[in-house]
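Below: the structure, in C-alpha cells.
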Amino acid sequence: MTDGLKLNQISDLYIPDGSDIKNALQRTTVLCIAAHQDDAEIMAYHAIQECYHSKNKFFTSIIITDGAGSEKINESRRYSAEEIKKIRLNEQKRAAKVGKYSAQIQMGYSSGELRGNDKRIIDDLTNIIIACKPEYIFTHNLADKHPTHVAAALRAMDALKAIEDKTWLKAFVGLEVWRGLDWLSDDDKLIFDASQNQRLARSLIRTFKSQIKGGKRYDDAVLGRRRANAVFYRADKADEMKYATYGMDMSEIVFNGKSPEEYISEHINGFKKDIINNIEQLK
Ligand SMILES: [Zn+2]
C-alpha cells in the first residue's frame, strides 16, 4: 500500500485524486501532523483552504492515533472501540476528499502508544516528512490541554530533529484545538486568515458526524473561535479578516535545539509580563 515508503505501521493511506504515493507526498507543500481525526480540520483550515484554491500548493494530513478514545462520547457509546475506529477512519477519508488533500495518512497507533513515546511513531513521521519535504509543518501547540495533542507535537519535533538537512522547511507551527492561543502576546502570535470559502470550512467540520452527533458541537465552536480571533485581534483597528486562526512559531525548537519547556516558559513569561505591565502602568 505504501509503495517504497517505509513505515512500521499504517492503518490507511488515501490519495483523493488517485496519484501515486510518491507524487502525492513529493508535491506536498503543507504537512499537518495531528493526534486525532478532525484535529487538522479544526486547527489548520487556513492551510486547507489555501491549497484547495491553488494549483501548486498541496495539503497532506497525518493522523497518528486510531480514534478509539472517542467511544466514550455520548451517543457513540453504542459502538465498540473497533466500530468507532472504522467510523472515524472513514470520516477522515471523506474530509480528505472534500478538502482535496494531496494525501491522507492514518497511522492507527493507540493514544497510549503516542503518549508513551513509542519510537516507531518518530521513525514513521521522519520517513513521511523526508518523502514530503514540505515548506510548512503544522501541528498542535505546546500549551494545548489535551495530553495526546502535546504528545503529537513532541513526536513531530523529535522526527524533525532526526533530519539533519531541513533547508526546505520554512516554519514549524503549533495551532489551536483544546485551548486557544488568544493569551499569547501579540509579538509571539502568528495570525492566519481562514476567511475563504466558509461553505468548505463548515462541510469539513461536519464530516465528523460521530463527534458532532455524540454531543460535541465542534462545527459551531470552531467557526466561532475563528470569528472571535479575527475580531478580538486588534482593539484599535477595523477587522482585516473575517475568520482567523492563531499559531505559535515553534521553528526554533527544531532548528536551534531549544527545549520545549524553555520555549513555552518564555511564551508564558511574555504573557505574564504583558498583564503585569498593564496593571503597573494604570495604578
Ligand atoms: Zn484531538
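Just so we're on the same page: first chain in the C-alpha cells is A, next is B, and so on; residues restart at 1 for each chain, and ligands are numbered from 1 in the order they show up.
Once Cys32 in chain A and its same-chain neighbours fewer than 6 positions away are set aside, A:Ala40, A:Ala44, A:Phe59, A:Thr60, A:Ser61, A:Ile62, A:Ile63, A:Tyr136, A:Ile137, A:Phe138, A:Thr139 remain within 9 Å of it when counting only C-alpha atoms.
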I need the residues from that last selection saved to file as a PDB file, in the first residue's frame (with all heavy atoms), if you can.
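Okay, result_4.pdb is ready:
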```pdb
ATOM      1  N   ALA A  40      -7.009  18.240  12.265  1.00  0.00           N
ATOM      2  CA  ALA A  40      -6.453  19.057  11.176  1.00  0.00           C
ATOM      3  C   ALA A  40      -7.506  20.041  10.665  1.00  0.00           C
ATOM      4  O   ALA A  40      -7.211  21.211  10.393  1.00  0.00           O
ATOM      5  CB  ALA A  40      -5.973  18.171  10.033  1.00  0.00           C
ATOM      6  N   ALA A  44      -6.177  23.643  11.167  1.00  0.00           N
ATOM      7  CA  ALA A  44      -5.376  24.075  10.005  1.00  0.00           C
ATOM      8  C   ALA A  44      -6.211  24.454   8.784  1.00  0.00           C
ATOM      9  O   ALA A  44      -5.754  24.358   7.653  1.00  0.00           O
ATOM     10  CB  ALA A  44      -4.388  22.968   9.633  1.00  0.00           C
ATOM     11  N   PHE A  59      -1.911  20.029   0.373  1.00  0.00           N
ATOM     12  CA  PHE A  59      -2.047  19.770   1.810  1.00  0.00           C
ATOM     13  C   PHE A  59      -2.071  18.260   2.062  1.00  0.00           C
ATOM     14  O   PHE A  59      -2.885  17.543   1.474  1.00  0.00           O
ATOM     15  CB  PHE A  59      -3.356  20.393   2.301  1.00  0.00           C
ATOM     16  CG  PHE A  59      -3.601  20.260   3.777  1.00  0.00           C
ATOM     17  CD1 PHE A  59      -3.094  21.205   4.665  1.00  0.00           C
ATOM     18  CD2 PHE A  59      -4.359  19.212   4.294  1.00  0.00           C
ATOM     19  CE1 PHE A  59      -3.326  21.099   6.037  1.00  0.00           C
ATOM     20  CE2 PHE A  59      -4.595  19.101   5.671  1.00  0.00           C
ATOM     21  CZ  PHE A  59      -4.075  20.049   6.529  1.00  0.00           C
ATOM     22  N   THR A  60      -1.169  17.795   2.916  1.00  0.00           N
ATOM     23  CA  THR A  60      -1.198  16.384   3.322  1.00  0.00           C
ATOM     24  C   THR A  60      -1.400  16.301   4.830  1.00  0.00           C
ATOM     25  O   THR A  60      -0.845  17.093   5.590  1.00  0.00           O
ATOM     26  CB  THR A  60       0.105  15.663   2.899  1.00  0.00           C
ATOM     27  OG1 THR A  60       0.054  15.453   1.487  1.00  0.00           O
ATOM     28  CG2 THR A  60       0.259  14.300   3.579  1.00  0.00           C
ATOM     29  N   SER A  61      -2.242  15.355   5.235  1.00  0.00           N
ATOM     30  CA  SER A  61      -2.583  15.218   6.653  1.00  0.00           C
ATOM     31  C   SER A  61      -2.144  13.858   7.192  1.00  0.00           C
ATOM     32  O   SER A  61      -2.336  12.834   6.541  1.00  0.00           O
ATOM     33  CB  SER A  61      -4.105  15.394   6.784  1.00  0.00           C
ATOM     34  OG  SER A  61      -4.617  14.714   7.900  1.00  0.00           O
ATOM     35  N   ILE A  62      -1.523  13.895   8.362  1.00  0.00           N
ATOM     36  CA  ILE A  62      -1.181  12.652   9.070  1.00  0.00           C
ATOM     37  C   ILE A  62      -1.987  12.622  10.370  1.00  0.00           C
ATOM     38  O   ILE A  62      -1.950  13.588  11.138  1.00  0.00           O
ATOM     39  CB  ILE A  62       0.315  12.600   9.470  1.00  0.00           C
ATOM     40  CG1 ILE A  62       1.219  12.746   8.247  1.00  0.00           C
ATOM     41  CG2 ILE A  62       0.636  11.302  10.217  1.00  0.00           C
ATOM     42  CD1 ILE A  62       2.705  12.837   8.622  1.00  0.00           C
ATOM     43  N   ILE A  63      -2.686  11.524  10.602  1.00  0.00           N
ATOM     44  CA  ILE A  63      -3.381  11.328  11.882  1.00  0.00           C
ATOM     45  C   ILE A  63      -2.663  10.177  12.590  1.00  0.00           C
ATOM     46  O   ILE A  63      -2.601   9.069  12.056  1.00  0.00           O
ATOM     47  CB  ILE A  63      -4.874  10.958  11.668  1.00  0.00           C
ATOM     48  CG1 ILE A  63      -5.574  11.971  10.764  1.00  0.00           C
ATOM     49  CG2 ILE A  63      -5.585  10.815  13.016  1.00  0.00           C
ATOM     50  CD1 ILE A  63      -5.606  13.381  11.263  1.00  0.00           C
ATOM     51  N   TYR A 136       5.919  23.959   4.994  1.00  0.00           N
ATOM     52  CA  TYR A 136       5.364  24.250   6.323  1.00  0.00           C
ATOM     53  C   TYR A 136       4.884  22.961   6.983  1.00  0.00           C
ATOM     54  O   TYR A 136       4.290  22.114   6.329  1.00  0.00           O
ATOM     55  CB  TYR A 136       4.173  25.218   6.219  1.00  0.00           C
ATOM     56  CG  TYR A 136       4.576  26.545   5.661  1.00  0.00           C
ATOM     57  CD1 TYR A 136       4.438  26.816   4.294  1.00  0.00           C
ATOM     58  CD2 TYR A 136       5.143  27.525   6.479  1.00  0.00           C
ATOM     59  CE1 TYR A 136       4.859  28.035   3.761  1.00  0.00           C
ATOM     60  CE2 TYR A 136       5.551  28.736   5.964  1.00  0.00           C
ATOM     61  CZ  TYR A 136       5.413  28.988   4.608  1.00  0.00           C
ATOM     62  OH  TYR A 136       5.832  30.173   4.092  1.00  0.00           O
ATOM     63  N   ILE A 137       5.152  22.862   8.281  1.00  0.00           N
ATOM     64  CA  ILE A 137       4.570  21.764   9.061  1.00  0.00           C
ATOM     65  C   ILE A 137       3.753  22.380  10.184  1.00  0.00           C
ATOM     66  O   ILE A 137       4.243  23.219  10.949  1.00  0.00           O
ATOM     67  CB  ILE A 137       5.647  20.814   9.634  1.00  0.00           C
ATOM     68  CG1 ILE A 137       6.413  20.152   8.480  1.00  0.00           C
ATOM     69  CG2 ILE A 137       5.004  19.752  10.531  1.00  0.00           C
ATOM     70  CD1 ILE A 137       7.482  19.159   8.915  1.00  0.00           C
ATOM     71  N   PHE A 138       2.487  21.986  10.221  1.00  0.00           N
ATOM     72  CA  PHE A 138       1.600  22.423  11.294  1.00  0.00           C
ATOM     73  C   PHE A 138       1.305  21.243  12.207  1.00  0.00           C
ATOM     74  O   PHE A 138       1.125  20.114  11.741  1.00  0.00           O
ATOM     75  CB  PHE A 138       0.279  22.957  10.719  1.00  0.00           C
ATOM     76  CG  PHE A 138       0.443  24.231   9.936  1.00  0.00           C
ATOM     77  CD1 PHE A 138       0.301  24.242   8.552  1.00  0.00           C
ATOM     78  CD2 PHE A 138       0.755  25.412  10.586  1.00  0.00           C
ATOM     79  CE1 PHE A 138       0.461  25.425   7.831  1.00  0.00           C
ATOM     80  CE2 PHE A 138       0.918  26.600   9.873  1.00  0.00           C
ATOM     81  CZ  PHE A 138       0.772  26.605   8.488  1.00  0.00           C
ATOM     82  N   THR A 139       1.243  21.543  13.509  1.00  0.00           N
ATOM     83  CA  THR A 139       0.870  20.502  14.469  1.00  0.00           C
ATOM     84  C   THR A 139       0.177  21.181  15.650  1.00  0.00           C
ATOM     85  O   THR A 139      -0.180  22.362  15.575  1.00  0.00           O
ATOM     86  CB  THR A 139       2.112  19.670  14.893  1.00  0.00           C
ATOM     87  OG1 THR A 139       1.681  18.582  15.715  1.00  0.00           O
ATOM     88  CG2 THR A 139       3.127  20.496  15.675  1.00  0.00           C
TER      89      THR A 139
END
```
(message) For the alpha helix (DSSP H) assignment from backbone DSSP, which residues of range 41-262 of chain A qualify? Please present them as a PyMOL selection string.
(response) chain A and resi 41-43+45-52+81-98+111-115+119-132+147-161+198-206+209-212+218-231+251-256+260-262
(message) Quick one: residues within 7 Å of Gln49 in chain A, only C-alpha atoms, excluding same-chain residues fewer than 4 positions away - as a PyMOL selection string?
(response) chain A and resi 45+53+196
Next, the residues of the selection above should be written as a PDB file, in the first residue's frame with N, CA and C atoms.
```pdb
ATOM      1  N   TYR A  45      -7.437  24.942   9.030  1.00  0.00           N
ATOM      2  CA  TYR A  45      -8.289  25.265   7.879  1.00  0.00           C
ATOM      3  C   TYR A  45      -7.659  26.323   6.971  1.00  0.00           C
ATOM      4  N   HIS A  53      -7.655  26.072  -3.097  1.00  0.00           N
ATOM      5  CA  HIS A  53      -7.858  27.063  -4.160  1.00  0.00           C
ATOM      6  C   HIS A  53      -6.604  27.295  -5.002  1.00  0.00           C
ATOM      7  N   GLN A 196     -11.594  32.386   3.692  1.00  0.00           N
ATOM      8  CA  GLN A 196     -12.078  31.920   2.383  1.00  0.00           C
ATOM      9  C   GLN A 196     -13.057  30.768   2.532  1.00  0.00           C
TER      10      GLN A 196
END
```
(request) Pick out the closest residue to ligand 1 from this set: A:Glu50, A:Asp20, A:Glu113, A:Glu176. Count only C-alpha atoms and all ligand atoms. (result)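 Among A:Glu50, A:Asp20, A:Glu113, A:Glu176, it is A:Glu176 that comes nearest to ligand 1.
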(request) Could the residues that lie within 12 Å of ligand 1, counting only C-alpha atoms and all ligand atoms, be listed as a ChimeraX atom specification? (result) /A:33-43,63-70,88,111,139-141,144-153,175-179,211,218
(message) Between CA of Glu83 in chain A and CA of Ile212 in chain A, what distance in Å does the model show, to one decimal?
(response)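 Taking CA of Glu83 in chain A and CA of Ile212 in chain A, their separation equals 16.7 Å.
Among the candidate residues A:Ser80, A:Ile268, A:Ala238, A:Ser203, the one lying nearest to Leu223 in chain A is A:Ser203, with distances computed using only C-alpha atoms.
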(request) From a DSSP pass on the backbone, collect the residues of range 6-206 of chain A flagged as strand (DSSP E or B) and hand them back as a VMD selection string. (result) chain A and resid 12 to 14 30 to 34 59 to 65 103 to 109 136 to 140 171 to 175 177 179 189 to 193
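Straight-line separation from CA of Lys133 in chain A to CA of Asp165 in chain A: 10.1 Å.
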(message) Using only C-alpha atoms for the distances, tell me which of A:Ile264, A:Met248, A:Ile122, A:Ile275 is nearest to Ala171 in chain A.
(response) A:Met248
